[in-house]
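Novice: Here it is, the structure in full.
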Amino acid sequence: MDVVVVGAGLSGLYMLHKLRAQGLSTVVLEANSDVGGTWYANRYPGARVDVESFGYSYSFDPDLEQEFEWSERFATQPELLRYFQHVAERFDLRKDIAFDTSVTSAQYDESGRRWQVRTERGDTVTTRFLVMATGSLSAAKMPEIPGLESFRGVSYHTAQWPVEEVDFTGQRVGVIGTGSSGVQVIPLIAEQAAELTVFQRTPAYALPAHNRPLRPGEGTSAKSDYPAYRKAARESGFGVPMEPPTKSALEASAEEREQAFEEAWQAGGLTALVGTFTDIQTDLDANALAMEFLHRKIAEAATDLQTAADLTPQYPFWSKRPCLNTGYYDAFNRPNVRLVNLQREPLTEVTGAGIRTSAREYELDAIVYATGFDAMTGSFTRVDVRGRGGVSLQEAWAAGPRTYLGLGTVGFPNLFMIAGPGSPSVLSNMVVSIEQHVDWVSDAIAYMERRGLATIEATPTAQDEWVDHVNVLASYTLFPGTDSWFLGANVPGKARVFMPYAGGVGAYRQKCDEVAASGYAGFQFSS
């Protein structure tokens, strides 16, 4: 093949569409049984996007923009999956996708300048270009707890949820984890289960979604403004149109701050509150003002004083990715729900009957692991990718991921990453970042085709300078001071390095455009 794309999620579908239009023989290898990636696997109850539906969609085809009808402000997993299935059908993409095909390894052949891609069935595909469209949050992670296999009940991971509907009616259910998937799944399990026990290590800032059905005519109005909306999204910080703040929280009066915070709370969404003032993400004193507001909101929502205290984060707001809340705090006011604070009562093991902490054993019929992912790197390194000299990507990234622009890495010619570490990725609307990466990669391949170039690879100097730049930008924020999956802190033994690019979607796009316009400065080619 000319190109092998690994993954048929948001990145893989658009990548296939672009490459096929360029006349390149392309195949997509997908481990799941259908398209959708994240939105195929994460089908747990309550799974919902945290970017508004109109913005969490492709912009590459004006007709596609107009024809799909969204039903809610923040789309659910079933609706998102229907959208990506619609895209696959509309552009006849499935004929070039091999489903139920897990890639186990990819070896670069230096003499032939080709990649040898192998699947778990033992098939091998030879290709000039390898595109890892495997997603930033797709390598599910189980917790490091003794006895996981001993539980006699039923276990689930939110990122590997069964296709068949799961009914918890009348059951004693335990949920481990209160990140985004935990915050979404807990309210719905609480409505079914006889007893729900939530095991929390670190509380999350759960911001209100204020989700609702779209009003009649609202879709038509939004779609009529798509060109301006898309332009604003591409030039923004988070990939979501918003007016940039102009004033420091420390300069504002108490009344001004309260009004701005309350308006943001009522507006809902991930970025409204952090966008109220210029220094919420960069100054601890300014951030403390936002924290105080959020702590009051949590205390108002949870009626039990101890539960409210346990649900209140003590780390700076937005130093970890916050979650969108639809009934999360209300769930803990139900008589059948209890919260176990693992800071006071550490979890020691999973037993045949349930979960044991330092204080007692909780007998359960089902356990839900909402324990997240080996984020940003896990989806790349779980495949045995080996570049020049047989060096594996895991070895090359042992001290932390090193990329140029999050698109390529030294020692791995003709390997492209979509939304890789060193790009805005998880600090942005993923669809905006993915489209920009796919466009850049397809343009780079077309540039090589026109000039008869065989390989493209980042230079060591450009990579080192970019990694330093990403680290310097992060140092101006509050991100590095809090353990989070942004830094790989949830994976034992993983290097603690802040992985996303914190300079914003617009600034990053401008840099990538400059690199391409200059003949791909920072990349080296062979003829």
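Each chain in the structure tokens gets a letter, A, B and so on, in the order shown; residues start at 1 in every chain, and ligands are counted from 1 in the order they appear.
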Skipping near chain neighbours, those fewer than 4 positions away, what residues fall within 8 Å of range 502-513 of chain A using only C-alpha atoms, listed as a PDB file with N, CA, C and O atoms, in the first residue's frame?
Specialist:
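Wrote out09.pdb, looks like this:
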ATOM      1  N   ARG A 234     -10.823  27.683  14.816  1.00  0.00           N
ATOM      2  CA  ARG A 234      -9.440  27.391  14.403  1.00  0.00           C
ATOM      3  C   ARG A 234      -8.451  28.406  14.957  1.00  0.00           C
ATOM      4  O   ARG A 234      -7.270  28.089  15.137  1.00  0.00           O
ATOM      5  N   GLU A 235      -8.911  29.612  15.220  1.00  0.00           N
ATOM      6  CA  GLU A 235      -8.023  30.666  15.702  1.00  0.00           C
ATOM      7  C   GLU A 235      -8.037  30.800  17.226  1.00  0.00           C
ATOM      8  O   GLU A 235      -7.316  31.623  17.781  1.00  0.00           O
ATOM      9  N   SER A 236      -8.821  29.981  17.894  1.00  0.00           N
ATOM     10  CA  SER A 236      -9.008  30.117  19.341  1.00  0.00           C
ATOM     11  C   SER A 236      -7.941  29.355  20.127  1.00  0.00           C
ATOM     12  O   SER A 236      -7.062  28.707  19.559  1.00  0.00           O
ATOM     13  N   GLY A 237      -8.055  29.415  21.449  1.00  0.00           N
ATOM     14  CA  GLY A 237      -7.136  28.672  22.295  1.00  0.00           C
ATOM     15  C   GLY A 237      -7.507  27.210  22.431  1.00  0.00           C
ATOM     16  O   GLY A 237      -6.650  26.325  22.314  1.00  0.00           O
ATOM     17  N   PHE A 238      -8.796  26.930  22.658  1.00  0.00           N
ATOM     18  CA  PHE A 238      -9.256  25.569  22.918  1.00  0.00           C
ATOM     19  C   PHE A 238      -9.922  24.909  21.710  1.00  0.00           C
ATOM     20  O   PHE A 238     -10.413  23.799  21.815  1.00  0.00           O
ATOM     21  N   GLY A 239      -9.980  25.586  20.576  1.00  0.00           N
ATOM     22  CA  GLY A 239     -10.701  25.042  19.437  1.00  0.00           C
ATOM     23  C   GLY A 239     -12.193  25.244  19.562  1.00  0.00           C
ATOM     24  O   GLY A 239     -12.982  24.601  18.878  1.00  0.00           O
ATOM     25  N   LEU A 405       6.270  18.892  16.652  1.00  0.00           N
ATOM     26  CA  LEU A 405       4.897  19.336  16.390  1.00  0.00           C
ATOM     27  C   LEU A 405       3.850  18.289  16.746  1.00  0.00           C
ATOM     28  O   LEU A 405       2.667  18.454  16.438  1.00  0.00           O
ATOM     29  N   SER A 423       1.265  18.299  20.667  1.00  0.00           N
ATOM     30  CA  SER A 423       0.254  19.061  19.926  1.00  0.00           C
ATOM     31  C   SER A 423      -0.890  19.396  20.887  1.00  0.00           C
ATOM     32  O   SER A 423      -0.966  18.835  21.978  1.00  0.00           O
ATOM     33  N   PRO A 424      -1.811  20.308  20.518  1.00  0.00           N
ATOM     34  CA  PRO A 424      -2.871  20.710  21.462  1.00  0.00           C
ATOM     35  C   PRO A 424      -3.772  19.563  21.905  1.00  0.00           C
ATOM     36  O   PRO A 424      -4.202  19.515  23.047  1.00  0.00           O
ATOM     37  N   LEU A 427      -6.081  19.282  25.014  1.00  0.00           N
ATOM     38  CA  LEU A 427      -6.399  20.612  25.527  1.00  0.00           C
ATOM     39  C   LEU A 427      -7.264  21.378  24.525  1.00  0.00           C
ATOM     40  O   LEU A 427      -7.331  22.602  24.570  1.00  0.00           O
ATOM     41  N   SER A 428      -7.901  20.656  23.635  1.00  0.00           N
ATOM     42  CA  SER A 428      -8.657  21.316  22.571  1.00  0.00           C
ATOM     43  C   SER A 428      -9.887  20.507  22.202  1.00  0.00           C
ATOM     44  O   SER A 428     -10.056  19.364  22.636  1.00  0.00           O
ATOM     45  N   SER A 433      -8.551  19.918  16.090  1.00  0.00           N
ATOM     46  CA  SER A 433      -7.132  19.550  16.049  1.00  0.00           C
ATOM     47  C   SER A 433      -6.874  18.405  15.081  1.00  0.00           C
ATOM     48  O   SER A 433      -5.875  18.394  14.360  1.00  0.00           O
ATOM     49  N   GLN A 436      -6.978  19.564  11.417  1.00  0.00           N
ATOM     50  CA  GLN A 436      -5.765  20.311  11.078  1.00  0.00           C
ATOM     51  C   GLN A 436      -4.588  19.365  10.858  1.00  0.00           C
ATOM     52  O   GLN A 436      -3.814  19.524   9.910  1.00  0.00           O
ATOM     53  N   TRP A 440      -2.605  18.620   7.298  1.00  0.00           N
ATOM     54  CA  TRP A 440      -1.157  18.849   7.230  1.00  0.00           C
ATOM     55  C   TRP A 440      -0.445  17.596   6.709  1.00  0.00           C
ATOM     56  O   TRP A 440       0.433  17.686   5.849  1.00  0.00           O
ATOM     57  N   VAL A 470       7.527  23.316  24.165  1.00  0.00           N
ATOM     58  CA  VAL A 470       6.330  22.784  24.818  1.00  0.00           C
ATOM     59  C   VAL A 470       6.490  22.830  26.344  1.00  0.00           C
ATOM     60  O   VAL A 470       5.564  23.214  27.067  1.00  0.00           O
ATOM     61  N   LEU A 473       6.277  26.545  27.643  1.00  0.00           N
ATOM     62  CA  LEU A 473       4.892  27.019  27.688  1.00  0.00           C
ATOM     63  C   LEU A 473       4.152  26.428  28.885  1.00  0.00           C
ATOM     64  O   LEU A 473       3.414  27.133  29.581  1.00  0.00           O
ATOM     65  N   ALA A 474       4.345  25.148  29.120  1.00  0.00           N
ATOM     66  CA  ALA A 474       3.673  24.500  30.256  1.00  0.00           C
ATOM     67  C   ALA A 474       4.107  25.122  31.576  1.00  0.00           C
ATOM     68  O   ALA A 474       3.306  25.234  32.518  1.00  0.00           O
ATOM     69  N   ALA A 517       4.912  26.076   4.746  1.00  0.00           N
ATOM     70  CA  ALA A 517       5.176  27.114   3.746  1.00  0.00           C
ATOM     71  C   ALA A 517       6.662  27.279   3.462  1.00  0.00           C
ATOM     72  O   ALA A 517       7.048  27.731   2.371  1.00  0.00           O
TER      73      ALA A 517
END
Novice: Would you please extract all helix (DSSP H, G or I) residues from range 239-334 of chain A, as assigned by DSSP on the backbone, and give them as a PyMOL selection string?
Specialist: chain A and resi 254-267+284-301+305-310+328-331
Novice: For Leu478 in chain A, which residue among A:Leu339, A:Gly522, A:Ala458, A:Ser319 is the nearest when counting only C-alpha atoms?
Specialist: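 Result for the nearest residue to Leu478 in chain A: A:Ser319.
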Novice: Report, in Å with one decimal, the straight-line distance from CA of Gln314 in chain A to CA of Ala288 in chain A.
Specialist: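 Taking CA of Gln314 in chain A as the start and CA of Ala288 in chain A as the end point, the length is 9.8 Å.
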Novice: Find the spatial neighbours of Ala47 in chain A, counting only C-alpha atoms, within a cut-off of 12 Å - ignore same-chain residues fewer than 3 positions away - and output them as a PDB file with N, CA, C and O atoms, in the first residue's frame.
Specialist:
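The result, written out as selection_24.pdb:
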ATOM      1  N   THR A  38     -13.166   6.161  19.720  1.00  0.00           N
ATOM      2  CA  THR A  38     -13.589   6.467  21.089  1.00  0.00           C
ATOM      3  C   THR A  38     -15.083   6.281  21.264  1.00  0.00           C
ATOM      4  O   THR A  38     -15.537   5.753  22.285  1.00  0.00           O
ATOM      5  N   TRP A  39     -15.837   6.709  20.264  1.00  0.00           N
ATOM      6  CA  TRP A  39     -17.292   6.684  20.398  1.00  0.00           C
ATOM      7  C   TRP A  39     -17.890   5.332  20.014  1.00  0.00           C
ATOM      8  O   TRP A  39     -19.108   5.161  20.067  1.00  0.00           O
ATOM      9  N   TYR A  40     -17.066   4.394  19.640  1.00  0.00           N
ATOM     10  CA  TYR A  40     -17.501   2.998  19.536  1.00  0.00           C
ATOM     11  C   TYR A  40     -17.268   2.286  20.867  1.00  0.00           C
ATOM     12  O   TYR A  40     -18.145   1.566  21.349  1.00  0.00           O
ATOM     13  N   ALA A  41     -16.103   2.492  21.457  1.00  0.00           N
ATOM     14  CA  ALA A  41     -15.709   1.721  22.645  1.00  0.00           C
ATOM     15  C   ALA A  41     -16.313   2.274  23.931  1.00  0.00           C
ATOM     16  O   ALA A  41     -16.683   1.511  24.831  1.00  0.00           O
ATOM     17  N   ASN A  42     -16.411   3.584  24.041  1.00  0.00           N
ATOM     18  CA  ASN A  42     -16.898   4.201  25.283  1.00  0.00           C
ATOM     19  C   ASN A  42     -18.404   4.365  25.237  1.00  0.00           C
ATOM     20  O   ASN A  42     -18.922   5.475  25.080  1.00  0.00           O
ATOM     21  N   ARG A  43     -19.111   3.251  25.378  1.00  0.00           N
ATOM     22  CA  ARG A  43     -20.568   3.280  25.273  1.00  0.00           C
ATOM     23  C   ARG A  43     -21.226   3.060  26.632  1.00  0.00           C
ATOM     24  O   ARG A  43     -22.369   2.596  26.721  1.00  0.00           O
ATOM     25  N   TYR A  44     -20.509   3.388  27.690  1.00  0.00           N
ATOM     26  CA  TYR A  44     -21.070   3.262  29.043  1.00  0.00           C
ATOM     27  C   TYR A  44     -22.252   4.227  29.209  1.00  0.00           C
ATOM     28  O   TYR A  44     -22.356   5.246  28.505  1.00  0.00           O
ATOM     29  N   ASP A  50     -17.932  16.537  25.603  1.00  0.00           N
ATOM     30  CA  ASP A  50     -17.892  17.741  26.429  1.00  0.00           C
ATOM     31  C   ASP A  50     -17.635  19.000  25.602  1.00  0.00           C
ATOM     32  O   ASP A  50     -17.254  20.045  26.131  1.00  0.00           O
ATOM     33  N   PHE A  74     -25.100  18.781  23.977  1.00  0.00           N
ATOM     34  CA  PHE A  74     -23.917  17.930  24.071  1.00  0.00           C
ATOM     35  C   PHE A  74     -24.349  16.510  23.693  1.00  0.00           C
ATOM     36  O   PHE A  74     -25.095  15.866  24.438  1.00  0.00           O
ATOM     37  N   ALA A  75     -23.894  16.036  22.561  1.00  0.00           N
ATOM     38  CA  ALA A  75     -24.387  14.772  22.017  1.00  0.00           C
ATOM     39  C   ALA A  75     -23.962  13.581  22.867  1.00  0.00           C
ATOM     40  O   ALA A  75     -22.861  13.546  23.420  1.00  0.00           O
ATOM     41  N   THR A  76     -24.836  12.590  22.930  1.00  0.00           N
ATOM     42  CA  THR A  76     -24.535  11.342  23.621  1.00  0.00           C
ATOM     43  C   THR A  76     -23.722  10.418  22.718  1.00  0.00           C
ATOM     44  O   THR A  76     -23.642  10.613  21.503  1.00  0.00           O
ATOM     45  N   GLN A  77     -23.160   9.374  23.321  1.00  0.00           N
ATOM     46  CA  GLN A  77     -22.385   8.392  22.554  1.00  0.00           C
ATOM     47  C   GLN A  77     -23.196   7.773  21.418  1.00  0.00           C
ATOM     48  O   GLN A  77     -22.691   7.675  20.288  1.00  0.00           O
ATOM     49  N   PRO A  78     -24.444   7.344  21.628  1.00  0.00           N
ATOM     50  CA  PRO A  78     -25.180   6.757  20.490  1.00  0.00           C
ATOM     51  C   PRO A  78     -25.328   7.718  19.322  1.00  0.00           C
ATOM     52  O   PRO A  78     -25.213   7.313  18.157  1.00  0.00           O
ATOM     53  N   GLU A  79     -25.580   8.998  19.607  1.00  0.00           N
ATOM     54  CA  GLU A  79     -25.744   9.955  18.523  1.00  0.00           C
ATOM     55  C   GLU A  79     -24.410  10.219  17.820  1.00  0.00           C
ATOM     56  O   GLU A  79     -24.346  10.327  16.593  1.00  0.00           O
ATOM     57  N   LEU A  80     -23.331  10.309  18.580  1.00  0.00           N
ATOM     58  CA  LEU A  80     -22.010  10.505  17.983  1.00  0.00           C
ATOM     59  C   LEU A  80     -21.625   9.320  17.099  1.00  0.00           C
ATOM     60  O   LEU A  80     -21.074   9.492  16.011  1.00  0.00           O
ATOM     61  N   LEU A  81     -21.926   8.116  17.584  1.00  0.00           N
ATOM     62  CA  LEU A  81     -21.620   6.930  16.780  1.00  0.00           C
ATOM     63  C   LEU A  81     -22.425   6.950  15.486  1.00  0.00           C
ATOM     64  O   LEU A  81     -21.898   6.630  14.409  1.00  0.00           O
ATOM     65  N   THR A 158     -15.080   1.308  31.716  1.00  0.00           N
ATOM     66  CA  THR A 158     -15.905   2.243  30.951  1.00  0.00           C
ATOM     67  C   THR A 158     -15.449   2.366  29.495  1.00  0.00           C
ATOM     68  O   THR A 158     -16.268   2.621  28.606  1.00  0.00           O
ATOM     69  N   ALA A 159     -14.146   2.177  29.243  1.00  0.00           N
ATOM     70  CA  ALA A 159     -13.632   2.322  27.881  1.00  0.00           C
ATOM     71  C   ALA A 159     -13.679   1.022  27.085  1.00  0.00           C
ATOM     72  O   ALA A 159     -13.262   1.000  25.929  1.00  0.00           O
ATOM     73  N   TRP A 161     -16.713  -1.058  27.171  1.00  0.00           N
ATOM     74  CA  TRP A 161     -18.080  -1.413  27.568  1.00  0.00           C
ATOM     75  C   TRP A 161     -18.685  -2.368  26.545  1.00  0.00           C
ATOM     76  O   TRP A 161     -18.458  -2.227  25.338  1.00  0.00           O
ATOM     77  N   SER A 180     -13.652  11.793  34.218  1.00  0.00           N
ATOM     78  CA  SER A 180     -14.753  12.131  33.316  1.00  0.00           C
ATOM     79  C   SER A 180     -15.753  10.999  33.154  1.00  0.00           C
ATOM     80  O   SER A 180     -16.973  11.199  33.249  1.00  0.00           O
ATOM     81  N   SER A 181     -15.267   9.772  32.919  1.00  0.00           N
ATOM     82  CA  SER A 181     -16.212   8.666  32.721  1.00  0.00           C
ATOM     83  C   SER A 181     -16.956   8.342  34.012  1.00  0.00           C
ATOM     84  O   SER A 181     -18.146   8.008  33.985  1.00  0.00           O
ATOM     85  N   GLY A 182     -16.285   8.435  35.148  1.00  0.00           N
ATOM     86  CA  GLY A 182     -16.958   8.206  36.426  1.00  0.00           C
ATOM     87  C   GLY A 182     -18.038   9.234  36.686  1.00  0.00           C
ATOM     88  O   GLY A 182     -19.158   8.900  37.106  1.00  0.00           O
ATOM     89  N   VAL A 183     -17.719  10.499  36.445  1.00  0.00           N
ATOM     90  CA  VAL A 183     -18.690  11.577  36.646  1.00  0.00           C
ATOM     91  C   VAL A 183     -19.914  11.373  35.761  1.00  0.00           C
ATOM     92  O   VAL A 183     -21.042  11.693  36.162  1.00  0.00           O
ATOM     93  N   GLN A 184     -19.726  10.819  34.572  1.00  0.00           N
ATOM     94  CA  GLN A 184     -20.861  10.610  33.676  1.00  0.00           C
ATOM     95  C   GLN A 184     -21.670   9.361  34.015  1.00  0.00           C
ATOM     96  O   GLN A 184     -22.894   9.360  33.914  1.00  0.00           O
ATOM     97  N   VAL A 185     -20.981   8.287  34.404  1.00  0.00           N
ATOM     98  CA  VAL A 185     -21.677   7.024  34.591  1.00  0.00           C
ATOM     99  C   VAL A 185     -22.363   6.922  35.955  1.00  0.00           C
ATOM    100  O   VAL A 185     -23.393   6.250  36.098  1.00  0.00           O
ATOM    101  N   ILE A 186     -21.818   7.581  36.967  1.00  0.00           N
ATOM    102  CA  ILE A 186     -22.332   7.429  38.338  1.00  0.00           C
ATOM    103  C   ILE A 186     -23.800   7.838  38.464  1.00  0.00           C
ATOM    104  O   ILE A 186     -24.601   7.084  39.056  1.00  0.00           O
ATOM    105  N   PRO A 187     -24.254   8.978  37.932  1.00  0.00           N
ATOM    106  CA  PRO A 187     -25.672   9.327  38.112  1.00  0.00           C
ATOM    107  C   PRO A 187     -26.635   8.310  37.518  1.00  0.00           C
ATOM    108  O   PRO A 187     -27.711   8.065  38.099  1.00  0.00           O
ATOM    109  N   LEU A 188     -26.286   7.705  36.394  1.00  0.00           N
ATOM    110  CA  LEU A 188     -27.210   6.757  35.763  1.00  0.00           C
ATOM    111  C   LEU A 188     -27.201   5.408  36.471  1.00  0.00           C
ATOM    112  O   LEU A 188     -28.250   4.768  36.585  1.00  0.00           O
ATOM    113  N   CYS A 323     -14.428  18.034  34.417  1.00  0.00           N
ATOM    114  CA  CYS A 323     -15.452  17.176  33.811  1.00  0.00           C
ATOM    115  C   CYS A 323     -16.735  17.972  33.647  1.00  0.00           C
ATOM    116  O   CYS A 323     -16.951  18.989  34.309  1.00  0.00           O
ATOM    117  N   LEU A 324     -17.608  17.479  32.766  1.00  0.00           N
ATOM    118  CA  LEU A 324     -18.936  18.073  32.633  1.00  0.00           C
ATOM    119  C   LEU A 324     -19.928  17.275  33.469  1.00  0.00           C
ATOM    120  O   LEU A 324     -19.958  16.048  33.406  1.00  0.00           O
ATOM    121  N   ASN A 325     -20.735  17.981  34.199  1.00  0.00           N
ATOM    122  CA  ASN A 325     -21.603  17.384  35.210  1.00  0.00           C
ATOM    123  C   ASN A 325     -23.059  17.458  34.780  1.00  0.00           C
ATOM    124  O   ASN A 325     -23.584  18.531  34.522  1.00  0.00           O
ATOM    125  N   THR A 326     -23.691  16.285  34.716  1.00  0.00           N
ATOM    126  CA  THR A 326     -25.142  16.210  34.527  1.00  0.00           C
ATOM    127  C   THR A 326     -25.700  15.339  35.646  1.00  0.00           C
ATOM    128  O   THR A 326     -25.731  14.116  35.547  1.00  0.00           O
ATOM    129  N   ALA A 370     -13.763   2.927  36.266  1.00  0.00           N
ATOM    130  CA  ALA A 370     -13.740   4.182  35.510  1.00  0.00           C
ATOM    131  C   ALA A 370     -12.356   4.802  35.701  1.00  0.00           C
ATOM    132  O   ALA A 370     -12.214   5.930  36.181  1.00  0.00           O
TER     133      ALA A 370
END
Novice: Apply DSSP to the structure's backbone, then extract all residues of range 80-305 of chain A labelled strand (DSSP E) and return them as a PyMOL selection string.
Specialist: chain A and resi 97-98+103-109+114-119+124-127+129-132+154-157+172-176+195-200+206-208
Novice: Neighbours of Gly389 in chain A within 9 Å (only C-alpha atoms; same-chain residues fewer than 3 positions away dropped), as a ChimeraX atom specification?
Specialist: /A:108,110,386,392,411
Novice: When distances are computed from only C-alpha atoms, which of A:Glu65, A:Asp100, A:Asp109, A:Asp34 shows the smallest separation from Ala88 in chain A?
Specialist: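 Going through A:Glu65, A:Asp100, A:Asp109, A:Asp34 one by one, the smallest distance to Ala88 in chain A is for A:Asp34.
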Novice: If we count only C-alpha atoms and set the cut-off at 10 Å, which residues sit around Ser484 in chain A, ignoring sequence neighbours fewer than 2 positions away in its own chain? Please answer as a PyMOL selection string.
Specialist: chain A and resi 319-321+479-482+486-491+496+498
Novice: Write out as a PyMOL selection string which residues come within 8 Å of Leu196 in chain A when counting only C-alpha atoms, dropping same-chain ones fewer than 6 positions away.
Specialist: chain A and resi 172-175+189-190+336-338
Novice: May I ask which of the residues A:Val431, A:Val51, A:Val117, A:Ala194 is the closest one to Leu270 in chain A, counting only C-alpha atoms?
Specialist: A:Val51
Novice: Near Ala375 in chain A, within 12 Å and counting only C-alpha atoms, which residues show up once chain neighbours fewer than 6 positions away are dropped, as JSON, numbers by chain?
Specialist: {"A": [134, 135, 136, 137, 138, 139, 140, 141, 381, 382, 401, 419, 420, 421, 425, 426, 484, 485, 486, 487, 488, 489, 490, 491, 494, 497, 498, 499, 500]}
Novice: Quick one: write out the picked residues with N, CA and C atoms as a compact mmCIF listing (two decimals), in the first residue's frame?
Specialist:
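Final output, part.txt:
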# COMPACT_ATOMS: atom_id res chain seq x y z
N THR A 134 -4.59 6.60 16.24
CA THR A 134 -5.05 5.70 17.31
C THR A 134 -5.68 6.42 18.49
N GLY A 135 -5.70 7.74 18.47
CA GLY A 135 -6.41 8.47 19.51
C GLY A 135 -5.55 8.75 20.73
N SER A 136 -5.83 9.87 21.39
CA SER A 136 -5.09 10.24 22.60
C SER A 136 -5.59 9.50 23.82
N LEU A 137 -6.87 9.13 23.81
CA LEU A 137 -7.49 8.48 24.96
C LEU A 137 -8.17 7.20 24.48
N SER A 138 -7.36 6.18 24.20
CA SER A 138 -7.92 4.92 23.71
C SER A 138 -7.27 3.69 24.34
N ALA A 139 -6.12 3.87 25.00
CA ALA A 139 -5.45 2.74 25.65
C ALA A 139 -5.98 2.64 27.08
N ALA A 140 -7.03 1.85 27.26
CA ALA A 140 -7.68 1.74 28.57
C ALA A 140 -6.70 1.23 29.62
N LYS A 141 -6.87 1.74 30.85
CA LYS A 141 -5.95 1.40 31.93
C LYS A 141 -6.72 0.85 33.12
N THR A 381 2.42 3.42 21.92
CA THR A 381 3.45 2.48 22.40
C THR A 381 2.91 1.07 22.64
N ARG A 382 1.59 0.90 22.71
CA ARG A 382 1.08 -0.47 22.90
C ARG A 382 1.26 -1.30 21.62
N PRO A 401 7.67 11.46 25.91
CA PRO A 401 7.53 11.51 24.44
C PRO A 401 8.28 12.70 23.87
N ALA A 419 -2.67 14.02 16.28
CA ALA A 419 -2.91 14.52 17.65
C ALA A 419 -1.96 13.87 18.65
N GLY A 420 -0.71 13.76 18.26
CA GLY A 420 0.29 13.16 19.13
C GLY A 420 0.74 14.09 20.24
N PRO A 421 1.54 13.58 21.19
CA PRO A 421 2.07 14.42 22.26
C PRO A 421 2.92 15.54 21.67
N SER A 425 -4.10 18.66 21.01
CA SER A 425 -4.88 17.44 21.27
C SER A 425 -5.86 17.58 22.42
N VAL A 426 -5.55 17.00 23.59
CA VAL A 426 -6.52 16.90 24.69
C VAL A 426 -6.81 18.22 25.38
N SER A 484 -1.47 14.50 37.20
CA SER A 484 -2.62 14.26 36.34
C SER A 484 -2.18 13.37 35.19
N TRP A 485 -3.17 12.91 34.40
CA TRP A 485 -2.81 12.11 33.24
C TRP A 485 -2.18 12.96 32.15
N PHE A 486 -2.29 14.30 32.25
CA PHE A 486 -1.55 15.16 31.33
C PHE A 486 -0.04 14.91 31.46
N LEU A 487 0.40 14.54 32.66
CA LEU A 487 1.80 14.29 32.93
C LEU A 487 2.13 12.80 33.03
N GLY A 488 1.15 11.95 32.77
CA GLY A 488 1.37 10.51 32.89
C GLY A 488 1.42 10.03 34.33
N ALA A 489 0.92 10.84 35.28
CA ALA A 489 1.04 10.50 36.69
C ALA A 489 0.14 9.34 37.11
N ASN A 490 -0.82 8.98 36.27
CA ASN A 490 -1.72 7.88 36.62
C ASN A 490 -1.17 6.51 36.21
N VAL A 491 0.01 6.49 35.58
CA VAL A 491 0.61 5.23 35.13
C VAL A 491 1.93 5.02 35.86
N LYS A 494 5.72 5.64 34.46
CA LYS A 494 5.72 6.50 33.28
C LYS A 494 6.43 7.82 33.61
N VAL A 497 6.10 13.98 32.41
CA VAL A 497 6.35 15.04 31.44
C VAL A 497 5.00 15.57 31.00
N PHE A 498 4.85 16.91 30.98
CA PHE A 498 3.60 17.47 30.50
C PHE A 498 3.54 17.28 28.99
N MET A 499 2.54 16.58 28.50
CA MET A 499 2.56 16.10 27.12
C MET A 499 1.85 16.98 26.10
N PRO A 500 0.73 17.65 26.40
CA PRO A 500 0.09 18.45 25.35
C PRO A 500 0.80 19.80 25.15
